file data.tsv (TSV, C-alpha atoms and all ligand atoms)
chain	number	residue	atom	x	y	z
A	18	MET	CA	7.09	15.95	-9.09
A	19	LYS	CA	5.12	16.71	-5.96
A	20	LEU	CA	3.59	13.95	-3.85
A	21	TYR	CA	0.77	14.54	-1.38
A	22	TYR	CA	0.82	11.68	1.08
A	23	ASN	CA	1.12	10.58	4.68
A	24	PRO	CA	3.88	8.20	5.82
A	25	LEU	CA	1.36	6.19	7.88
A	26	SER	CA	-1.09	5.58	5.03
A	27	THR	CA	-0.87	2.22	3.30
A	28	TYR	CA	-1.74	3.59	-0.14
A	29	SER	CA	0.90	6.28	0.29
A	30	GLN	CA	3.44	3.66	1.35
A	31	LYS	CA	2.62	1.64	-1.75
A	32	VAL	CA	3.57	4.61	-3.95
A	33	LEU	CA	6.62	5.48	-1.83
A	34	ILE	CA	7.93	1.93	-2.35
A	35	ALA	CA	7.56	2.49	-6.11
A	36	PHE	CA	9.42	5.83	-5.95
A	37	TYR	CA	12.30	4.24	-4.02
A	38	GLU	CA	12.39	1.11	-6.19
A	39	LYS	CA	12.75	3.34	-9.22
A	40	GLY	CA	15.25	5.66	-7.55
A	41	LEU	CA	13.07	8.70	-8.21
A	42	THR	CA	12.82	11.82	-6.09
A	43	PHE	CA	9.83	14.02	-5.34
A	44	GLU	CA	8.83	17.09	-3.39
A	45	PRO	CA	6.98	15.74	-0.34
A	46	VAL	CA	3.78	17.30	0.98
A	47	VAL	CA	2.62	15.47	4.09
A	48	ILE	CA	-1.14	15.59	4.61
A	49	ASP	CA	-2.26	15.24	8.20
A	50	PHE	CA	-6.02	14.69	8.14
A	51	LYS	CA	-6.24	15.57	11.84
A	52	ASN	CA	-5.22	19.12	10.98
A	53	LYS	CA	-8.53	20.69	9.85
A	54	ALA	CA	-6.94	23.58	7.95
A	55	VAL	CA	-4.62	21.22	6.04
A	56	HIS	CA	-7.53	18.87	5.29
A	57	GLN	CA	-9.75	21.71	4.03
A	58	ALA	CA	-6.97	23.06	1.82
A	59	TYR	CA	-6.33	19.57	0.45
A	60	LEU	CA	-10.04	19.10	-0.37
A	61	LYS	CA	-9.81	22.21	-2.56
A	62	LEU	CA	-6.98	20.57	-4.49
A	63	TYR	CA	-8.58	17.11	-4.61
A	64	PRO	CA	-12.26	17.09	-3.56
A	65	LEU	CA	-12.33	13.31	-2.97
A	66	GLY	CA	-9.73	13.95	-0.28
A	67	LYS	CA	-7.82	10.70	-0.84
A	68	ILE	CA	-4.07	10.35	-0.61
A	69	PRO	CA	-1.70	9.78	-2.35
A	70	LEU	CA	-1.91	12.36	-5.14
A	71	LEU	CA	0.87	13.07	-7.60
A	72	ILE	CA	1.42	16.38	-9.37
A	73	THR	CA	3.66	15.73	-12.35
A	74	GLU	CA	6.45	17.95	-13.68
A	75	GLN	CA	3.90	19.10	-16.29
A	76	SER	CA	1.48	20.01	-13.44
A	77	ARG	CA	-0.88	17.14	-14.24
A	78	SER	CA	-2.74	15.80	-11.26
A	79	ILE	CA	-2.70	12.00	-10.91
A	80	PRO	CA	-4.66	10.32	-8.10
A	81	GLU	CA	-4.94	6.58	-7.26
A	82	SER	CA	-1.89	4.66	-6.11
A	83	SER	CA	-1.94	2.10	-8.94
A	84	ILE	CA	-2.23	4.79	-11.61
A	85	ILE	CA	0.57	6.83	-10.03
A	86	ILE	CA	2.82	3.75	-10.10
A	87	GLU	CA	1.85	3.07	-13.71
A	88	TYR	CA	2.66	6.69	-14.59
A	89	LEU	CA	6.08	6.50	-12.92
A	90	ASP	CA	6.88	3.18	-14.54
A	91	MET	CA	5.88	4.28	-18.04
A	92	ASN	CA	7.62	7.65	-17.87
A	93	TYR	CA	10.82	6.90	-15.99
A	94	MET	CA	12.91	3.99	-17.21
A	95	THR	CA	15.10	3.87	-14.10
A	96	GLY	CA	15.38	1.21	-11.39
A	97	ALA	CA	12.83	-1.58	-11.14
A	98	THR	CA	10.25	-2.23	-13.85
A	99	LEU	CA	7.04	-2.41	-11.87
A	100	LEU	CA	4.65	-3.25	-14.69
A	101	PRO	CA	5.98	-6.11	-16.79
A	102	ARG	CA	6.42	-5.18	-20.45
A	103	ASP	CA	4.82	-8.49	-21.44
A	104	MET	CA	1.08	-7.73	-21.73
A	105	ASP	CA	-0.15	-10.93	-20.14
A	106	MET	CA	2.26	-10.63	-17.20
A	107	ALA	CA	1.23	-6.98	-16.85
A	108	ARG	CA	-2.45	-7.96	-16.69
A	109	GLN	CA	-1.65	-10.52	-13.99
A	110	ALA	CA	0.33	-7.94	-12.00
A	111	ARG	CA	-2.53	-5.44	-12.28
A	112	LEU	CA	-5.05	-8.04	-11.17
A	113	LYS	CA	-2.96	-8.89	-8.11
A	114	ASP	CA	-2.49	-5.21	-7.36
A	115	ARG	CA	-6.29	-4.77	-7.38
A	116	MET	CA	-6.87	-7.89	-5.27
A	117	TYR	CA	-4.30	-6.83	-2.66
A	118	ASP	CA	-5.69	-3.29	-2.44
A	119	LEU	CA	-9.29	-4.38	-2.12
A	120	TYR	CA	-9.11	-7.64	-0.20
A	121	LEU	CA	-5.80	-7.55	1.69
A	122	ASN	CA	-5.30	-3.88	2.45
A	123	ASN	CA	-8.89	-2.72	2.99
A	124	PRO	CA	-9.94	-5.43	5.50
A	125	THR	CA	-6.64	-4.94	7.32
A	126	VAL	CA	-7.26	-1.20	7.63
A	127	GLU	CA	-10.82	-1.93	8.76
A	128	LEU	CA	-9.50	-4.20	11.54
A	129	LEU	CA	-6.91	-1.58	12.49
A	130	PHE	CA	-9.51	1.17	12.82
A	131	GLU	CA	-12.09	-1.03	14.57
A	132	GLY	CA	-9.32	-2.13	16.96
A	133	GLN	CA	-8.70	1.50	17.91
A	134	LYS	CA	-12.29	1.88	19.13
A	135	PRO	CA	-13.53	0.97	22.62
A	136	ARG	CA	-14.88	-2.61	22.59
A	137	ASP	CA	-18.54	-1.58	22.89
A	138	LYS	CA	-18.19	0.65	19.82
A	139	GLN	CA	-16.60	-2.03	17.62
A	140	ASP	CA	-18.64	-3.63	14.84
A	141	PRO	CA	-18.18	-7.43	15.28
A	142	CYS	CA	-19.89	-8.27	11.95
A	143	LYS	CA	-17.53	-5.97	10.07
A	144	MET	CA	-14.56	-7.49	11.90
A	145	THR	CA	-15.64	-11.08	11.21
A	146	LYS	CA	-16.15	-10.30	7.52
A	147	ALA	CA	-12.72	-8.65	7.35
A	148	ARG	CA	-11.07	-11.70	8.97
A	149	GLU	CA	-12.87	-14.07	6.57
A	150	THR	CA	-11.68	-12.04	3.59
A	151	LEU	CA	-8.13	-12.05	4.91
A	152	ASN	CA	-8.22	-15.82	5.41
A	153	ILE	CA	-9.20	-16.32	1.76
A	154	MET	CA	-6.50	-13.92	0.60
A	155	TYR	CA	-3.83	-15.55	2.78
A	156	GLU	CA	-4.57	-18.91	1.09
A	157	LYS	CA	-4.20	-17.30	-2.35
A	158	LEU	CA	-1.12	-15.31	-1.46
A	159	ASN	CA	0.56	-18.29	0.20
A	160	GLU	CA	0.05	-20.24	-3.03
A	161	ALA	CA	1.32	-17.37	-5.22
A	162	VAL	CA	4.60	-17.02	-3.31
A	163	SER	CA	5.25	-20.66	-2.50
A	164	ASP	CA	7.20	-21.27	-5.75
A	165	HIS	CA	8.18	-17.71	-6.57
A	166	SER	CA	10.16	-14.91	-4.97
A	167	TRP	CA	7.51	-12.28	-5.64
A	168	THR	CA	3.75	-12.37	-6.12
A	169	ASN	CA	3.91	-12.08	-9.91
A	170	GLY	CA	6.85	-14.40	-10.44
A	171	GLU	CA	10.57	-13.72	-10.18
A	172	GLU	CA	10.36	-9.96	-10.76
A	173	PHE	CA	9.30	-7.51	-8.05
A	174	SER	CA	6.22	-5.64	-9.34
A	175	ILE	CA	3.39	-3.22	-8.61
A	176	ALA	CA	1.60	-6.15	-6.91
A	177	ASP	CA	4.38	-6.38	-4.30
A	178	CYS	CA	4.20	-2.60	-3.77
A	179	ALA	CA	0.52	-3.15	-2.87
A	180	ALA	CA	1.01	-6.28	-0.75
A	181	ALA	CA	3.89	-4.98	1.40
A	182	PRO	CA	2.17	-2.20	3.43
A	183	ALA	CA	-0.96	-4.32	3.82
A	184	LEU	CA	1.04	-7.24	5.23
A	185	PHE	CA	3.04	-4.95	7.50
A	186	TYR	CA	-0.17	-3.92	9.29
A	187	ALA	CA	-1.95	-7.27	8.81
A	188	GLN	CA	0.68	-9.12	10.83
A	189	ARG	CA	-0.55	-7.12	13.85
A	190	VAL	CA	-4.30	-7.42	13.41
A	191	HIS	CA	-4.63	-10.84	11.77
A	192	PRO	CA	-1.31	-12.72	11.88
A	193	PHE	CA	-0.30	-14.91	8.95
A	194	SER	CA	2.03	-17.08	11.04
A	195	ARG	CA	0.39	-20.36	9.91
A	196	PHE	CA	1.30	-19.55	6.27
A	197	PRO	CA	5.02	-20.38	5.86
A	198	ALA	CA	5.28	-19.09	2.29
A	199	ILE	CA	3.80	-15.71	3.27
A	200	LYS	CA	6.17	-15.50	6.23
A	201	ALA	CA	9.15	-16.15	3.96
A	202	TYR	CA	7.81	-13.67	1.37
A	203	PHE	CA	7.34	-11.04	4.07
A	204	SER	CA	10.97	-11.52	5.13
A	205	ARG	CA	12.06	-11.00	1.53
A	206	LEU	CA	9.95	-7.83	1.38
A	207	MET	CA	11.49	-6.57	4.61
A	208	GLY	CA	14.92	-7.14	3.09
A	209	ARG	CA	14.24	-4.57	0.34
A	210	THR	CA	15.83	-1.18	0.85
A	211	SER	CA	12.68	0.53	-0.49
A	212	LEU	CA	10.42	-0.95	2.20
A	213	GLN	CA	13.01	-0.39	4.94
A	214	LYS	CA	13.13	3.28	3.95
A	215	VAL	CA	9.32	3.63	3.88
A	216	LEU	CA	8.88	1.93	7.24
A	217	GLY	CA	11.78	3.85	8.76
A	218	GLU	CA	10.13	7.14	7.77
A	219	ALA	CA	6.78	5.95	9.12
A	220	GLU	CA	8.14	4.49	12.37
A	221	PRO	CA	7.47	7.38	14.80
A	222	LEU	CA	3.90	7.74	13.50
A	223	VAL	CA	3.28	3.97	13.43
A	224	LYS	CA	4.46	3.66	17.04
A	225	SER	CA	2.05	6.29	18.32
A	226	PHE	CA	-0.81	5.01	16.09
A	227	LEU	CA	-0.48	1.39	17.22
A	228	LYS	CA	0.03	2.28	20.90
B	301	LIG	N1	-7.98	3.77	-4.20
B	301	LIG	C1	-7.18	4.78	-3.57
B	301	LIG	C2	-7.37	4.68	-2.08
B	301	LIG	C3	-6.68	5.82	-1.34
B	301	LIG	C4	-7.11	5.88	0.14
B	301	LIG	O1	-8.15	5.35	0.53
B	301	LIG	N2	-6.29	6.55	0.93
B	301	LIG	C5	-6.61	6.74	2.32
B	301	LIG	C6	-5.33	6.73	3.14
B	301	LIG	S1	-4.53	5.15	3.07
B	301	LIG	C7	-7.27	8.10	2.47
B	301	LIG	O2	-6.99	9.00	1.74
B	301	LIG	N3	-8.16	8.21	3.46
B	301	LIG	C8	-8.79	9.45	3.78
B	301	LIG	C9	-10.23	9.46	3.42
B	301	LIG	O3	-10.76	8.43	2.97
B	301	LIG	O4	-10.85	10.53	3.59
B	301	LIG	C10	-5.71	4.61	-3.98
B	301	LIG	O5	-5.34	3.51	-4.41
B	301	LIG	O6	-4.94	5.59	-3.93

call {"tool": "encode", "arguments": {"input": "data.tsv", "output": "C-alpha cells", "more": "lines below"}}
Ligand SMILES: N[C@@H](CCC(=O)N[C@@H](CS)C(=O)NCC(=O)O)C(=O)O
result
Amino acid sequence: MKLYYNPLSTYSQKVLIAFYEKGLTFEPVVIDFKNKAVHQAYLKLYPLGKIPLLITEQSRSIPESSIIIEYLDMNYMTGATLLPRDMDMARQARLKDRMYDLYLNNPTVELLFEGQKPRDKQDPCKMTKARETLNIMYEKLNEAVSDHSWTNGEEFSIADCAAAPALFYAQRVHPFSRFPAIKAYFSRLMGRTSLQKVLGEAEPLVKSFLK
C-alpha cells in the first residue's frame, strides 16, 4: 500500500495511528504543499488535493481518513480492531469519529492557522466561533471519557484515532486543563506506542510550525 500524507497534518496522523495500531506497513509518500511542483503533481493524482490518500495493493485509490481506516480494519485482521464488530457500537464509533473531525479537529486547525497570522489579519469572529465549538466538544468529550478508558468504551477505536491529533494541537491553542477526564484520557493516548511514533515522526516539523 502507498500512503500520500504529511506528518504534520492531523488527518494524516489519524490514519498513521491506525496503521501503527494495526501493525501494518506502507510505502510513504510525503506531500509538502509548500512545494509547488509536488502540489501540482498531487492534484493530478487527486484533484481535491486533500491528504491522506491511500493507494491499495490492488491500485485502488481511497481518500478520506475515516474511509481509509475502515478499509484497513475490514481488510487486515491484525492488531487493534478499530471499528467494533457490533453494529451499534460501530455506529457510535463512527458518529464520534465524525464529531471529532468536524468539531474538535477543524476548529483547532482554524485556531492554529489564525494564530500564525499577524494580529491585524486574524479573524476574531472565526476564532470566537472555533473556541465556542471547542468548549461544547470538551464538555461532551469529558463526559464520554469520565467512566471509560477510550471514547467509545473500553476498546480503542477509530474515534480515538480522530481525537488524538486534534487534542495534541488543541492543548496549545485552547487548553483543556479544566477538564480532568480529558486530561487523564490525553495521558492514556500519549501512552500508546502508535501515537508516540506518529508524534515522534512529526516532531521536527511540529517544532518549526509552532515556533
Ligand atoms: N475529510 C478529509 C479532510 C482531509 C484534509 O482536510 N486534509 C488537510 C490536511 S490535514 C489537507 O489536505 N489540506 C490541504 C487542502 O485543503 O488543500 C479527511 O478526513 O481525510

call {"tool": "residues_near_ligand", "arguments": {"input": "data.tsv", "ligand": "ligand LIG 301 (chain B)", "cutoff": "6 Å", "atoms": "all atoms listed in the file", "output": "VMD selection string"}}
result
chain A and resid 26 to 28 66 to 69 81 to 83

call {"tool": "residues_around", "arguments": {"input": "data.tsv", "residues": "Thr42 in chain A", "least_positions_apart": "4", "cutoff": "10 Å", "atoms": "all atoms listed in the file", "output": "VMD selection string"}}
result
chain A and resid 18 to 20 33 36 to 37

call {"tool": "residues_around", "arguments": {"input": "data.tsv", "residues": "range 186-197 of chain A", "least_positions_apart": "5", "cutoff": "12 Å", "atoms": "only C-alpha atoms", "output": "VMD selection string"}}
result
chain A and resid 25 to 27 30 117 120 to 133 144 to 145 147 to 164 180 to 181 202 to 204 216 223 to 224 226 to 228

call {"tool": "atom_distance", "arguments": {"input": "data.tsv", "atom1": "CA of Ser211 in chain A", "atom2": "CA of Glu38 in chain A"}}
result
5.7 Å

call {"tool": "atom_distance", "arguments": {"input": "data.tsv", "atom1": "CA of Ile48 in chain A", "atom2": "CA of Asn23 in chain A"}}
result
5.5 Å

call {"tool": "closest_residue", "arguments": {"input": "data.tsv", "among": "A:Leu71, A:Ile175, A:Ala97, A:Leu65", "to": "Leu112 in chain A", "atoms": "only C-alpha atoms"}}
result
A:Ile175

call {"tool": "closest_residue", "arguments": {"input": "data.tsv", "among": "A:Phe173, A:Tyr59, A:Phe43, A:Tyr22", "to": "Pro101 in chain A", "atoms": "only C-alpha atoms"}}
result
A:Phe173

call {"tool": "axis_aligned_box", "arguments": {"input": "data.tsv", "around": "range 178-194 of chain A", "padding_each_side": "4 Å", "output": "AutoDock Vina command-line options"}}
result
--center_x -0.2 --center_y -9.6 --center_z 5.0 --size_x 16.8 --size_y 22.9 --size_z 25.6

call {"tool": "build_atoms", "arguments": {"input": "data.tsv", "residues": "range 107-143 of chain A", "atoms": "N, CA and C atoms", "output": "tab-separated table (two decimals), in the frame of the given file"}}
result
chain	number	residue	atom	x	y	z
A	107	ALA	N	1.68	-8.28	-17.38
A	107	ALA	CA	1.23	-6.98	-16.85
A	107	ALA	C	-0.21	-7.09	-16.35
A	108	ARG	N	-1.05	-7.79	-17.12
A	108	ARG	CA	-2.45	-7.96	-16.69
A	108	ARG	C	-2.50	-8.72	-15.36
A	109	GLN	N	-1.66	-9.74	-15.24
A	109	GLN	CA	-1.65	-10.52	-13.99
A	109	GLN	C	-1.18	-9.67	-12.81
A	110	ALA	N	-0.17	-8.82	-13.06
A	110	ALA	CA	0.33	-7.94	-12.00
A	110	ALA	C	-0.74	-6.94	-11.59
A	111	ARG	N	-1.46	-6.40	-12.59
A	111	ARG	CA	-2.53	-5.44	-12.28
A	111	ARG	C	-3.65	-6.10	-11.49
A	112	LEU	N	-3.98	-7.32	-11.88
A	112	LEU	CA	-5.05	-8.04	-11.17
A	112	LEU	C	-4.64	-8.24	-9.70
A	113	LYS	N	-3.41	-8.66	-9.49
A	113	LYS	CA	-2.96	-8.89	-8.11
A	113	LYS	C	-2.96	-7.58	-7.33
A	114	ASP	N	-2.50	-6.53	-8.00
A	114	ASP	CA	-2.49	-5.21	-7.36
A	114	ASP	C	-3.90	-4.85	-6.88
A	115	ARG	N	-4.89	-5.06	-7.75
A	115	ARG	CA	-6.29	-4.77	-7.38
A	115	ARG	C	-6.73	-5.65	-6.21
A	116	MET	N	-6.44	-6.95	-6.32
A	116	MET	CA	-6.87	-7.89	-5.27
A	116	MET	C	-6.26	-7.52	-3.91
A	117	TYR	N	-4.97	-7.13	-3.93
A	117	TYR	CA	-4.30	-6.83	-2.66
A	117	TYR	C	-4.83	-5.52	-2.07
A	118	ASP	N	-5.11	-4.55	-2.95
A	118	ASP	CA	-5.69	-3.29	-2.44
A	118	ASP	C	-7.05	-3.56	-1.79
A	119	LEU	N	-7.90	-4.25	-2.55
A	119	LEU	CA	-9.29	-4.38	-2.12
A	119	LEU	C	-9.48	-5.40	-1.00
A	120	TYR	N	-8.77	-6.53	-1.09
A	120	TYR	CA	-9.11	-7.64	-0.20
A	120	TYR	C	-8.01	-8.01	0.81
A	121	LEU	N	-6.85	-7.34	0.69
A	121	LEU	CA	-5.80	-7.55	1.69
A	121	LEU	C	-5.65	-6.25	2.49
A	122	ASN	N	-5.49	-5.16	1.76
A	122	ASN	CA	-5.30	-3.88	2.45
A	122	ASN	C	-6.58	-3.40	3.15
A	123	ASN	N	-7.70	-3.35	2.41
A	123	ASN	CA	-8.89	-2.72	2.99
A	123	ASN	C	-9.41	-3.44	4.24
A	124	PRO	N	-9.51	-4.78	4.24
A	124	PRO	CA	-9.94	-5.43	5.50
A	124	PRO	C	-8.94	-5.24	6.63
A	125	THR	N	-7.65	-5.18	6.28
A	125	THR	CA	-6.64	-4.94	7.32
A	125	THR	C	-6.85	-3.57	7.96
A	126	VAL	N	-7.05	-2.56	7.11
A	126	VAL	CA	-7.26	-1.20	7.63
A	126	VAL	C	-8.54	-1.15	8.46
A	127	GLU	N	-9.57	-1.88	8.00
A	127	GLU	CA	-10.82	-1.93	8.76
A	127	GLU	C	-10.57	-2.49	10.16
A	128	LEU	N	-9.81	-3.59	10.24
A	128	LEU	CA	-9.50	-4.20	11.54
A	128	LEU	C	-8.67	-3.25	12.40
A	129	LEU	N	-7.73	-2.54	11.76
A	129	LEU	CA	-6.91	-1.58	12.49
A	129	LEU	C	-7.78	-0.50	13.13
A	130	PHE	N	-8.69	0.06	12.31
A	130	PHE	CA	-9.51	1.17	12.82
A	130	PHE	C	-10.53	0.68	13.84
A	131	GLU	N	-11.14	-0.48	13.59
A	131	GLU	CA	-12.09	-1.03	14.57
A	131	GLU	C	-11.36	-1.30	15.89
A	132	GLY	N	-10.12	-1.81	15.78
A	132	GLY	CA	-9.32	-2.13	16.96
A	132	GLY	C	-8.97	-0.91	17.80
A	133	GLN	N	-9.00	0.26	17.17
A	133	GLN	CA	-8.70	1.50	17.91
A	133	GLN	C	-9.89	1.97	18.75
A	134	LYS	N	-11.08	1.42	18.42
A	134	LYS	CA	-12.29	1.88	19.13
A	134	LYS	C	-12.45	1.14	20.45
A	135	PRO	N	-13.19	1.73	21.41
A	135	PRO	CA	-13.53	0.97	22.62
A	135	PRO	C	-14.36	-0.25	22.21
A	136	ARG	N	-14.24	-1.34	22.97
A	136	ARG	CA	-14.88	-2.61	22.59
A	136	ARG	C	-16.37	-2.47	22.28
A	137	ASP	N	-17.08	-1.69	23.10
A	137	ASP	CA	-18.54	-1.58	22.89
A	137	ASP	C	-18.91	-0.75	21.66
A	138	LYS	N	-17.93	-0.14	21.04
A	138	LYS	CA	-18.19	0.65	19.82
A	138	LYS	C	-17.75	-0.12	18.57
A	139	GLN	N	-17.09	-1.26	18.77
A	139	GLN	CA	-16.60	-2.03	17.62
A	139	GLN	C	-17.77	-2.73	16.93
A	140	ASP	N	-17.60	-2.95	15.61
A	140	ASP	CA	-18.64	-3.63	14.84
A	140	ASP	C	-18.17	-5.08	14.60
A	141	PRO	N	-18.68	-6.05	15.39
A	141	PRO	CA	-18.18	-7.43	15.28
A	141	PRO	C	-18.45	-8.05	13.92
A	142	CYS	N	-19.58	-7.69	13.28
A	142	CYS	CA	-19.89	-8.27	11.95
A	142	CYS	C	-18.84	-7.83	10.94
A	143	LYS	N	-18.54	-6.52	10.98
A	143	LYS	CA	-17.53	-5.97	10.07
A	143	LYS	C	-16.18	-6.67	10.29
